[in-house]
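S.K.: Can you read through this structure? Questions will come right after.
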Amino acid sequence: MVFSELIEMADELLGEAAVDEVLSSGDFSSGGAYTSVGFYPCDEFMALVQAFSDRSALPLNDYLRRFGHWMFWRYSARYSQFFADKTDVLTMLESIETEVHIEVRKLYPGVELPRFESRRLASGDGLELTYHSPRPLGDFCHGLVETCIEYFGRPARVERQDLTVPEGMCVRFTIRMEG
C-alpha cells in the first residue's frame, strides 16, 4: 500500500509524466511496478522518495513528512474502524502498537513493522511516543503525528528528539495538548 500511495501522491504533486520518468529511469528490482499488497525493499522506497523529492524541489525530510500527512488521511479513510472508538489524539497514538499493528500482522504475516512505545506524561496532558525502526522514516512518522493531531481537532505541540541508536532509527515525539 505504501509504494502505491507514494506514487499516487507524486502523481498529484508532480504529474503523471514526471512519475513515469522516475519509474522508467530508475534501476528498481520491481521494474517500477507496485501493487497495494506487495512487499518491496526499503532501499527502493527511499530511492523513489529521493527522486520525487528532487523533482518537487522539496528537501527529502519535508517530502517524507508530507507523505506522512498524505498517508494519515488514507489510513483514516480506509481503516476507520481503528478510529471509531478513539476520542483524542493521545488515545489514537497509544493504540498504534497495541491495536493497529496487531491487526496488520494478522493481515500480513511476516511484515516488518516499526515499533512504537508510548507513555503518558505525568502531567496528564501529553504523551511520549518513541519510534524504533531499521528504516529511516522518522520524518514520515512526524507527518503522521501532525496529521493525527489535525484529525482530532484539538491543538497540540509536538517536540521531536532524534536519538542515537546502534542500528536503524529512533525518534521520540513528545505531544503536549494545548488549550
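Residues in the C-alpha cells are numbered from 1 in each chain, the chains being A, B, ... in the order shown, and ligands are numbered from 1 in the order shown.
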Stretch 39-147 of chain A: which residues are strand (DSSP E) by DSSP, as a ChimeraX atom specification?
M.R.: /A:115-120,126-133
S.K.: Name all residues at most 9 Å from A:Gly179 (count only C-alpha atoms; drop same-chain ones fewer than 2 positions away) and give them as a list in words.
M.R.: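 With the cut-off at 9 Å, the set is Arg154, Pro155, Ala156 and Met177 of chain A.
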S.K.: Which residues, written as a compact mmCIF listing (two decimals) with C-alpha atoms, in the first residue's frame, have at least one atom at most 9 Å from stretch 48-62 of chain A, with only C-alpha atoms counted and residues fewer than 4 positions away on the same chain left out?
M.R.:
# COMPACT_ATOMS: atom_id res chain seq x y z
CA PHE A 3 4.50 2.24 -2.52
CA LEU A 6 3.71 7.23 -2.70
CA ILE A 7 3.26 7.06 -6.46
CA ALA A 10 3.78 12.05 -6.54
CA LEU A 13 2.16 16.78 -6.90
CA LEU A 14 4.37 16.33 -9.96
CA ALA A 18 7.30 13.08 -14.08
CA VAL A 19 6.24 9.93 -12.23
CA VAL A 22 11.14 8.36 -12.46
CA LEU A 23 9.71 4.84 -12.69
CA GLY A 26 15.34 4.04 -12.09
CA ASP A 43 16.09 0.97 -0.39
CA GLU A 44 13.76 1.09 -3.38
CA ARG A 66 4.30 15.46 3.57
CA PHE A 67 3.91 11.80 2.65
CA LEU A 137 11.29 7.12 8.33
CA GLY A 138 11.24 9.45 11.33
CA ASP A 139 10.09 12.34 9.12
CA PHE A 140 7.26 10.20 7.74
CA GLY A 143 3.91 13.82 9.41
S.K.: One number please: atom CA of A:Glu103 to atom CA of A:Tyr151, in Å, one decimal.
M.R.: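 Interatomic distance, atom CA of A:Glu103 to atom CA of A:Tyr151: 21.5 Å.
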S.K.: Got a sec to tell me which of stretch 10-70 of chain A DSSP assigns to helix (DSSP H, G or I), as a PyMOL selection string?
M.R.: chain A and resi 10-14+16-25+42-56+60-70
S.K.: Residues at most 9 Å from stretch 162-168 of chain A, counting only C-alpha atoms, excluding those fewer than 3 positions away in the same chain, as a PyMOL selection string?
M.R.: chain A and resi 132-136+138+171-173
S.K.: Create the file for the chosen residues now, containing N, CA and C atoms and written as a PDB file, in the first residue's frame.
M.R.:
ATOM      1  N   HIS A 132      10.817   3.204  16.790  1.00  0.00           N
ATOM      2  CA  HIS A 132      12.027   2.402  16.594  1.00  0.00           C
ATOM      3  C   HIS A 132      11.883   1.654  15.277  1.00  0.00           C
ATOM      4  N   SER A 133      12.873   1.754  14.413  1.00  0.00           N
ATOM      5  CA  SER A 133      12.795   1.043  13.142  1.00  0.00           C
ATOM      6  C   SER A 133      14.169   0.963  12.486  1.00  0.00           C
ATOM      7  N   PRO A 134      14.409  -0.104  11.716  1.00  0.00           N
ATOM      8  CA  PRO A 134      15.633  -0.127  10.912  1.00  0.00           C
ATOM      9  C   PRO A 134      15.529   0.816   9.709  1.00  0.00           C
ATOM     10  N   ARG A 135      14.319   1.314   9.446  1.00  0.00           N
ATOM     11  CA  ARG A 135      14.095   2.193   8.288  1.00  0.00           C
ATOM     12  C   ARG A 135      14.178   3.666   8.703  1.00  0.00           C
ATOM     13  N   PRO A 136      14.729   4.511   7.848  1.00  0.00           N
ATOM     14  CA  PRO A 136      14.905   5.934   8.182  1.00  0.00           C
ATOM     15  C   PRO A 136      13.647   6.761   7.898  1.00  0.00           C
ATOM     16  N   GLY A 138      11.665   8.565  10.244  1.00  0.00           N
ATOM     17  CA  GLY A 138      11.243   9.450  11.326  1.00  0.00           C
ATOM     18  C   GLY A 138      10.448  10.641  10.826  1.00  0.00           C
ATOM     19  N   VAL A 171      13.225   7.819  17.160  1.00  0.00           N
ATOM     20  CA  VAL A 171      12.782   9.203  17.300  1.00  0.00           C
ATOM     21  C   VAL A 171      11.748   9.255  18.417  1.00  0.00           C
ATOM     22  N   ARG A 172      11.926  10.202  19.326  1.00  0.00           N
ATOM     23  CA  ARG A 172      10.960  10.394  20.403  1.00  0.00           C
ATOM     24  C   ARG A 172      10.153  11.655  20.107  1.00  0.00           C
ATOM     25  N   PHE A 173       8.852  11.480  20.052  1.00  0.00           N
ATOM     26  CA  PHE A 173       7.929  12.595  19.873  1.00  0.00           C
ATOM     27  C   PHE A 173       7.238  12.837  21.209  1.00  0.00           C
TER      28      PHE A 173
END
S.K.: From the options A:Leu107, A:Thr130, A:Ser4, A:Ser25, which residue's atoms come nearest to A:Met71, counting only C-alpha atoms?
M.R.: A:Ser4
S.K.: Residues within 8 Å of A:Val158, please, as a PyMOL selection string. Count only C-alpha atoms; anything in the same chain fewer than 2 positions from it doesn't count.
M.R.: chain A and resi 146+156+160+173-176
S.K.: Quick one: everything within 9 Å of A:Phe39, counting only C-alpha atoms, minus sequence neighbours fewer than 3 positions away in the same chain. Send it as a CSV table (one decimal) with C-alpha atoms, in the first residue's frame.
M.R.:
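The resulting file, selection.csv, is reproduced below:
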chain,number,residue,atom,x,y,z
A,1,MET,CA,0.0,0.0,0.0
A,3,PHE,CA,4.5,2.2,-2.5
A,34,TYR,CA,3.9,-1.8,-7.5
A,35,THR,CA,0.7,-3.2,-6.1
A,36,SER,CA,-1.0,-2.2,-2.8
A,111,VAL,CA,5.5,-7.9,7.7
S.K.: Could you jot down the atom CA of A:Gly110 to atom CA of A:Cys141 separation for me, Å, one decimal place?
M.R.: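 Computing the Euclidean distance for atom CA of A:Gly110 and atom CA of A:Cys141 yields 21.3 Å.
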